[in-house]
Structure formats: structure tokens, C-alpha cells
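Text of upload-v4.txt, listed as compact mmCIF, C-alpha atoms:
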```txt
# COMPACT_ATOMS: atom_id res chain seq x y z
CA MET A 1 -23.55 -80.12 -10.19
CA THR A 2 -20.31 -78.42 -9.22
CA GLN A 3 -17.78 -75.83 -10.16
CA LEU A 4 -14.83 -77.81 -11.41
CA PHE A 5 -12.01 -75.45 -10.51
CA PHE A 6 -11.16 -72.82 -7.91
CA SER A 7 -7.94 -71.53 -9.46
CA GLU A 8 -6.41 -69.54 -12.27
CA TYR A 9 -6.87 -72.62 -14.46
CA GLU A 10 -10.64 -72.19 -14.63
CA GLU A 11 -10.50 -70.04 -17.75
CA ALA A 12 -7.32 -71.58 -19.19
CA GLU A 13 -7.06 -73.52 -22.40
CA SER A 14 -7.43 -77.28 -22.38
CA GLY A 15 -4.71 -79.85 -21.97
CA ILE A 16 -2.81 -78.18 -19.12
CA PRO A 17 0.28 -80.26 -18.23
CA LEU A 18 -0.19 -81.89 -14.83
CA VAL A 19 1.88 -84.33 -12.78
CA ILE A 20 1.00 -86.22 -9.63
CA PHE A 21 3.41 -86.26 -6.68
CA GLY A 22 2.85 -89.51 -4.83
CA ALA A 23 3.06 -92.82 -6.68
CA GLY A 24 1.09 -94.92 -4.17
CA GLY A 25 -2.57 -95.79 -3.85
CA LEU A 26 -3.73 -92.23 -3.25
CA GLY A 27 -1.79 -91.12 -6.31
CA ARG A 28 -3.67 -93.65 -8.43
CA GLU A 29 -6.96 -92.45 -6.94
CA VAL A 30 -6.08 -88.85 -7.80
CA LEU A 31 -5.24 -89.97 -11.34
CA LEU A 32 -8.72 -91.50 -11.53
CA LEU A 33 -10.22 -88.21 -10.32
CA VAL A 34 -8.39 -86.31 -13.06
CA GLN A 35 -9.42 -88.84 -15.71
CA GLN A 36 -13.06 -88.56 -14.63
CA LEU A 37 -12.76 -84.77 -14.57
CA ASN A 38 -11.39 -84.86 -18.12
CA ALA A 39 -14.26 -87.08 -19.20
CA ALA A 40 -16.73 -84.50 -17.85
CA THR A 41 -15.17 -81.55 -19.70
CA ALA A 42 -14.88 -80.84 -23.39
CA PRO A 43 -12.12 -80.59 -24.35
CA ALA A 44 -10.20 -82.40 -21.61
CA ALA A 45 -8.81 -80.02 -19.00
CA TRP A 46 -5.61 -81.83 -18.02
CA ASN A 47 -2.76 -83.59 -19.79
CA VAL A 48 -1.35 -85.92 -17.15
CA ARG A 49 2.37 -86.50 -17.77
CA GLY A 50 3.13 -89.01 -15.02
CA PHE A 51 4.17 -89.45 -11.39
CA TYR A 52 6.90 -88.11 -9.13
CA ASP A 53 7.83 -89.54 -5.74
CA ASP A 54 10.90 -89.37 -3.52
CA HIS A 55 10.60 -93.13 -3.05
CA ALA A 56 10.80 -94.77 -6.44
CA PRO A 57 8.06 -97.32 -7.15
CA ALA A 58 8.94 -100.93 -7.91
CA THR A 59 8.09 -100.51 -11.59
CA ALA A 60 8.86 -97.87 -14.21
CA THR A 61 5.18 -97.10 -14.69
CA VAL A 62 2.27 -96.42 -12.34
CA ALA A 63 -1.26 -97.00 -13.62
CA GLY A 64 0.12 -96.89 -17.14
CA LEU A 65 1.99 -93.60 -16.72
CA PRO A 66 5.75 -93.12 -16.27
CA TYR A 67 7.57 -92.55 -13.01
CA LEU A 68 9.40 -89.30 -13.72
CA GLY A 69 11.66 -88.84 -10.69
CA THR A 70 12.00 -87.17 -7.31
CA SER A 71 11.14 -83.75 -5.91
CA ALA A 72 14.59 -82.57 -6.99
CA ASP A 73 13.83 -83.65 -10.55
CA LEU A 74 10.47 -81.91 -10.41
CA ASN A 75 12.07 -78.69 -9.19
CA ALA A 76 14.39 -78.84 -12.21
CA THR A 77 11.54 -78.85 -14.74
CA PRO A 78 12.11 -76.26 -17.48
CA GLU A 79 8.38 -75.79 -18.19
CA PRO A 80 5.37 -74.72 -16.15
CA LEU A 81 3.65 -77.71 -14.56
CA ALA A 82 0.56 -78.13 -12.42
CA VAL A 83 1.17 -80.51 -9.51
CA ALA A 84 -1.36 -82.58 -7.57
CA VAL A 85 0.17 -83.62 -4.24
CA ALA A 86 -1.30 -87.06 -3.50
CA VAL A 87 0.06 -87.72 -0.02
CA GLY A 88 -2.40 -88.70 2.71
CA SER A 89 -0.47 -87.79 5.88
CA PRO A 90 -0.81 -84.08 6.69
CA ALA A 91 2.78 -83.80 7.94
CA SER A 92 4.20 -85.68 4.96
CA ARG A 93 2.15 -83.61 2.52
CA ALA A 94 3.37 -80.38 4.12
CA ALA A 95 6.96 -81.63 3.90
CA VAL A 96 6.55 -82.42 0.20
CA VAL A 97 5.10 -78.99 -0.54
CA ALA A 98 7.99 -77.37 1.34
CA ARG A 99 10.43 -79.21 -0.95
CA LEU A 100 8.68 -78.16 -4.16
CA THR A 101 10.20 -74.71 -4.50
CA SER A 102 10.44 -74.13 -8.26
CA GLY A 103 8.61 -71.11 -9.60
CA GLN A 104 7.54 -73.26 -12.54
CA LEU A 105 5.22 -75.28 -10.31
CA SER A 106 1.64 -74.46 -9.37
CA PHE A 107 -0.97 -76.32 -7.39
CA PRO A 108 -4.53 -76.34 -8.73
CA VAL A 109 -7.62 -77.27 -6.79
CA LEU A 110 -9.07 -80.54 -8.09
CA VAL A 111 -12.76 -81.23 -7.49
CA HIS A 112 -14.38 -84.43 -8.71
CA PRO A 113 -17.35 -83.77 -11.02
CA GLN A 114 -19.61 -85.74 -8.66
CA VAL A 115 -19.23 -83.38 -5.71
CA ALA A 116 -22.05 -81.23 -4.34
CA LEU A 117 -20.95 -77.84 -3.07
CA ALA A 118 -22.14 -74.27 -2.74
CA PRO A 119 -21.51 -71.58 -5.36
CA ARG A 120 -18.08 -69.94 -5.36
CA GLN A 121 -19.19 -66.96 -3.29
CA ARG A 122 -20.27 -69.31 -0.47
CA ILE A 123 -17.10 -71.39 -0.21
CA ALA A 124 -13.36 -70.69 -0.18
CA VAL A 125 -10.84 -73.37 -1.14
CA GLY A 126 -7.07 -72.94 -0.85
CA GLU A 127 -4.53 -73.92 -3.50
CA GLY A 128 -3.62 -77.56 -3.90
CA SER A 129 -6.76 -78.92 -2.25
CA ILE A 130 -8.29 -82.16 -3.54
CA ILE A 131 -11.97 -83.04 -3.14
CA GLN A 132 -12.83 -86.60 -4.07
CA GLN A 133 -16.00 -88.19 -5.42
CA GLY A 134 -19.21 -88.10 -3.39
CA CYS A 135 -18.32 -85.26 -1.02
CA PHE A 136 -21.02 -82.82 0.10
CA LEU A 137 -20.12 -79.27 1.15
CA THR A 138 -22.89 -76.86 2.12
CA CYS A 139 -22.36 -73.11 2.55
CA ASP A 140 -19.98 -70.54 4.01
CA ILE A 141 -17.16 -73.06 4.34
CA THR A 142 -13.42 -72.36 4.32
CA LEU A 143 -10.88 -74.98 3.29
CA GLY A 144 -7.23 -74.05 3.71
CA ARG A 145 -4.31 -74.87 1.44
CA PHE A 146 -3.66 -78.49 0.45
CA VAL A 147 -6.70 -79.92 2.20
CA LEU A 148 -7.62 -83.49 1.26
CA LEU A 149 -11.25 -84.63 1.35
CA ASN A 150 -11.36 -88.31 0.51
CA LEU A 151 -14.40 -90.20 -0.77
CA GLY A 152 -17.83 -89.30 0.59
CA CYS A 153 -16.96 -86.67 3.21
CA THR A 154 -19.58 -84.16 4.40
CA ILE A 155 -18.77 -80.61 5.54
CA GLY A 156 -21.43 -78.47 7.22
CA HIS A 157 -22.10 -74.74 7.20
CA ASP A 158 -19.47 -72.31 8.50
CA ALA A 159 -16.86 -75.03 8.99
CA VAL A 160 -13.19 -74.04 8.78
CA LEU A 161 -10.57 -76.65 7.88
CA GLY A 162 -6.96 -75.62 8.37
CA ASP A 163 -4.11 -76.03 5.90
CA PHE A 164 -3.04 -79.63 5.17
CA SER A 165 -6.04 -81.18 6.92
CA SER A 166 -6.80 -84.75 5.78
CA LEU A 167 -10.26 -86.30 5.97
CA MET A 168 -10.45 -89.98 5.17
CA PRO A 169 -13.49 -91.61 3.51
CA HIS A 170 -16.92 -90.75 4.94
CA ALA A 171 -15.66 -88.37 7.62
CA ASN A 172 -18.50 -86.09 8.73
CA VAL A 173 -17.82 -82.54 9.92
CA SER A 174 -20.84 -80.68 11.28
CA GLY A 175 -21.54 -76.97 11.05
CA ALA A 176 -19.43 -74.25 12.70
CA THR A 177 -16.56 -76.60 13.46
CA GLN A 178 -12.89 -75.61 13.32
CA LEU A 179 -10.12 -78.05 12.44
CA GLY A 180 -6.59 -76.83 13.07
CA ALA A 181 -3.85 -77.09 10.47
CA GLY A 182 -2.68 -80.65 9.92
CA THR A 183 -5.72 -82.31 11.50
CA TYR A 184 -6.31 -85.92 10.43
CA LEU A 185 -9.78 -87.47 10.63
CA GLY A 186 -9.90 -91.23 10.13
CA THR A 187 -12.50 -93.11 8.12
CA ASN A 188 -16.09 -92.64 9.37
CA THR A 189 -15.13 -90.03 11.96
CA THR A 190 -17.95 -87.72 13.11
CA VAL A 191 -17.39 -84.24 14.56
CA ILE A 192 -20.50 -82.64 16.07
CA GLN A 193 -21.47 -79.01 15.61
CA GLY A 194 -19.30 -76.22 16.95
CA ILE A 195 -16.32 -78.36 17.95
CA ILE A 196 -12.77 -76.98 17.82
CA ILE A 197 -9.88 -79.40 17.21
CA GLY A 198 -6.30 -78.19 17.64
CA GLU A 199 -3.62 -78.43 14.97
CA ASN A 200 -1.85 -81.69 14.16
CA THR A 201 -4.37 -83.76 16.09
CA ILE A 202 -5.24 -87.26 14.83
CA ILE A 203 -8.74 -88.68 15.25
CA GLY A 204 -8.99 -92.45 14.86
CA ALA A 205 -11.38 -94.21 12.50
CA GLY A 206 -14.98 -94.37 13.68
CA ALA A 207 -14.52 -91.86 16.50
CA VAL A 208 -17.22 -89.38 17.49
CA VAL A 209 -15.89 -86.01 18.67
CA VAL A 210 -18.33 -84.38 21.11
CA ARG A 211 -16.00 -81.96 22.93
CA ASN A 212 -13.14 -79.68 21.96
CA LEU A 213 -9.74 -81.34 21.60
CA PRO A 214 -6.30 -79.74 22.01
CA ALA A 215 -3.46 -79.72 19.51
CA ASN A 216 -0.95 -82.52 18.96
CA ILE A 217 -2.87 -85.45 20.42
CA THR A 218 -4.37 -88.69 19.15
CA ALA A 219 -7.99 -89.38 20.12
CA VAL A 220 -10.09 -92.48 19.52
CA GLY A 221 -13.43 -93.96 20.53
CA VAL A 222 -17.03 -92.97 21.13
CA PRO A 223 -16.87 -90.37 22.50
CA ALA A 224 -13.36 -89.55 21.31
CA LYS A 225 -10.77 -89.42 24.09
CA ALA A 226 -7.05 -88.71 24.00
CA ILE A 227 -4.67 -91.67 24.24
CA GLY A 228 -1.03 -91.86 25.21
CA CYS A 229 -1.15 -88.70 27.35
```
Full structure transcribed into C-alpha cells:
Amino acid sequence: MTQLFFSEYEEAESGIPLVIFGAGGLGREVLLLVQQLNAATAPAAWNVRGFYDDHAPATATVAGLPYLGTSADLNATPEPLAVAVAVGSPASRAAVVARLTSGQLSFPVLVHPQVALAPRQRIAVGEGSIIQQGCFLTCDITLGRFVLLNLGCTIGHDAVLGDFSSLMPHANVSGATQLGAGTYLGTNTTVIQGIIIGENTIIGAGAVVVRNLPANITAVGVPAKAIGC
């Protein structure tokens, strides 16, 4: 149903060491994605070592795996590690990536096995992006680096999503839209065809975007309108 990887790991041997940065709810969801991806491949693609987070969790384990330390600890790793950055906020995710400077670290694309998307030549996905279960991506789409598509998102033809964009569950992006870097679409947001949204703009849950929106604003409602300006 889907190509499972868009990275140098596609032809690699099984059991690649992987850690998850982000020990909260999204981190546990990304762990589930990886576990389901492993179940769909033979042999299993990833060997998940545990979690890192700059804010230590209340317990020594998260979803049965160990908490391994902070970004500083991760940068000190003596071995090559793949890292999934499970941080929902675009700005926070970008800040985490900026702190992870070790040459031992790499950032694979993770695509849930129950995702429908075009063949590789019809879609481009940047490093570190995560595409969760139930997403539908059609053709001639570009996703930047470290894009997060949460459960059940739809992306139409010729859409361009900038680096560090975050789409929450069931966000719908129509064809020929452009989302600037760091855009955040809340749950059940709809963006109609051809819309351009500026970088770092936040769209509230359930909003319907029917006209272009500038950078660095928050917009809510039907139709979506800027607030706090």
C-alpha cells in the first residue's frame, strides 16, 4: 500500500538502532508507529532503544522502554543512531533539532504501513518527517524536513508543506496549497485549494481556511480569521 521509507535506510539491513526524542504522548504514538512498521516488515526494520527528552519523565521507563537522558546525552552517543523527533509544536521541534548536533545522529522518514501515497517519483519527503496511520497523500506533493502528519490527514495534489509543519489529526489540505515553514494546523482543520499560509502561523482546531493568511498569526473559525491582531 505504501513505500515504507524515503531515506538511506530503505536498503539497509534490519534492526537499525533508533531512539525517540520526546517522552510524552506523541512519543508513545511514534513508538506505536515503529512497532506497527516492524510488524509489517520481515525482518523488523528498527531496534528501538528508548526515549530521550530534556524534561525527564516521572518514571524511569516510558511505554516499557528506558528513559536514556537529555539532548546533551544523545549528542554524546558513541554509535550511529537514528532519531525520531516526537515533538508536536513546530517551534519546539525545530529547537530540538537545532540542539541535536552530533554527526552520529540521523533522522529517517517514518511512514505508517497504513498510509496511502503516490509512488516515490510523485512525492518528495524531507528528512525526519513522520506520517501517521490513515493519512492519504495524492500526487506531486512536497513535504519539507521534519514535517508531522498526525492521524488521518489528507494532502492534495501539488501541495507544498514547509519544514517543521505540524498537522494534527484529520487536517485536510487541498490541492496546490502552500504552507510556510512552521505552520500548525489544528485537529479537523480544512484548507481549500490554492491557499497560501505564511510561516509560523497557527490555525485553530476545526477552522476552514478560504483565503490566504500571512505569517506569524493565529487564525480560528469558519471561515478562519486572525485573532489578537
Near Phe51 (chain A), within 10 Å and counting only C-alpha atoms, which residues show up once chain neighbours fewer than 6 positions away are dropped, as a PDB file with C-alpha atoms, in the frame of the given file?
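Writing done, so here's around_26.pdb:
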```pdb
ATOM      1  CA  LEU A  18      -0.190 -81.890 -14.830  1.00  0.00           C
ATOM      2  CA  VAL A  19       1.880 -84.330 -12.780  1.00  0.00           C
ATOM      3  CA  ILE A  20       1.000 -86.220  -9.630  1.00  0.00           C
ATOM      4  CA  PHE A  21       3.410 -86.260  -6.680  1.00  0.00           C
ATOM      5  CA  GLY A  22       2.850 -89.510  -4.830  1.00  0.00           C
ATOM      6  CA  ALA A  23       3.060 -92.820  -6.680  1.00  0.00           C
ATOM      7  CA  GLY A  24       1.090 -94.920  -4.170  1.00  0.00           C
ATOM      8  CA  GLY A  27      -1.790 -91.120  -6.310  1.00  0.00           C
ATOM      9  CA  ARG A  28      -3.670 -93.650  -8.430  1.00  0.00           C
ATOM     10  CA  LEU A  31      -5.240 -89.970 -11.340  1.00  0.00           C
ATOM     11  CA  PRO A  57       8.060 -97.320  -7.150  1.00  0.00           C
ATOM     12  CA  THR A  61       5.180 -97.100 -14.690  1.00  0.00           C
ATOM     13  CA  VAL A  62       2.270 -96.420 -12.340  1.00  0.00           C
ATOM     14  CA  ALA A  63      -1.260 -97.000 -13.620  1.00  0.00           C
ATOM     15  CA  LEU A  65       1.990 -93.600 -16.720  1.00  0.00           C
ATOM     16  CA  PRO A  66       5.750 -93.120 -16.270  1.00  0.00           C
ATOM     17  CA  TYR A  67       7.570 -92.550 -13.010  1.00  0.00           C
ATOM     18  CA  LEU A  68       9.400 -89.300 -13.720  1.00  0.00           C
ATOM     19  CA  GLY A  69      11.660 -88.840 -10.690  1.00  0.00           C
ATOM     20  CA  THR A  70      12.000 -87.170  -7.310  1.00  0.00           C
ATOM     21  CA  LEU A  74      10.470 -81.910 -10.410  1.00  0.00           C
ATOM     22  CA  VAL A  83       1.170 -80.510  -9.510  1.00  0.00           C
ATOM     23  CA  ALA A  84      -1.360 -82.580  -7.570  1.00  0.00           C
ATOM     24  CA  ALA A  86      -1.300 -87.060  -3.500  1.00  0.00           C
TER      25      ALA A  86
END
```
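In terms of minimum interatomic distance to Leu81 (chain A), A:Ser106 ranks closest within A:Ser106, A:Ser165, A:Ser129, A:Asn172, counting all atoms listed in the file.
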Next on the checklist: Please list as a PyMOL selection string every residue within 7 Å of Ala118 (chain A), counting all atoms listed in the file and excluding residues in the same chain fewer than 6 positions away.
Outcome noted: chain A and resi 137-139
Item to check | Shell of 6 Å around Val109 (chain A), only C-alpha atoms, local chain residues under 5 positions omitted, as a ChimeraX atom specification | outcome: /A:6,127-130
Checklist entry - Which is closer to Asn188 (chain A) than all the others in A:Pro90, A:Gly152, A:Gly25, A:Gly144, using all atoms listed in the file? => result A:Gly152
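Residue nearest Thr77 (chain A) within the list A:Ile203, A:Leu105, A:Ile192, A:Ala224: A:Leu105 [criterion: smallest interatomic distance, all atoms listed in the file].
For the pair CA of Val160 (chain A) and CA of Arg99 (chain A), the interatomic distance is 26.1 Å.
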Checklist outcome for this item: Leu151 (chain A) proximity check over A:Ile16, A:Val210, A:Ile217, A:Leu26, using only C-alpha atoms: winner is A:Leu26
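For the set A:Ser92, A:Asn212, A:Ser102, A:Gln114, the residue with the smallest atom-to-atom gap to Ala39 (chain A) is A:Gln114, counting only C-alpha atoms.
Shortest separation to Ile141 (chain A) among A:Val191, A:Val173, A:Leu167, A:Ala91 occurs at residue A:Val173, atoms counted being all atoms listed in the file.
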Item to check | Shell around Gln104 (chain A) at 9 Å using all atoms listed in the file, local window under 5 positions removed, as an MDAnalysis selection string | outcome: chainID A and resid 75:82
Item to check | Long-range neighbours of Ala176 (chain A) as a PyMOL selection string, 7 Å cut-off, all atoms listed in the file, 6 positions minimum in chain | outcome: chain A and resi 157-159+193-194
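Straight-line separation from CA of Ala95 (chain A) to CA of Leu32 (chain A): 24.1 Å.
You will find CA of Asp163 (chain A) at 26.7 Å from CA of Arg49 (chain A).
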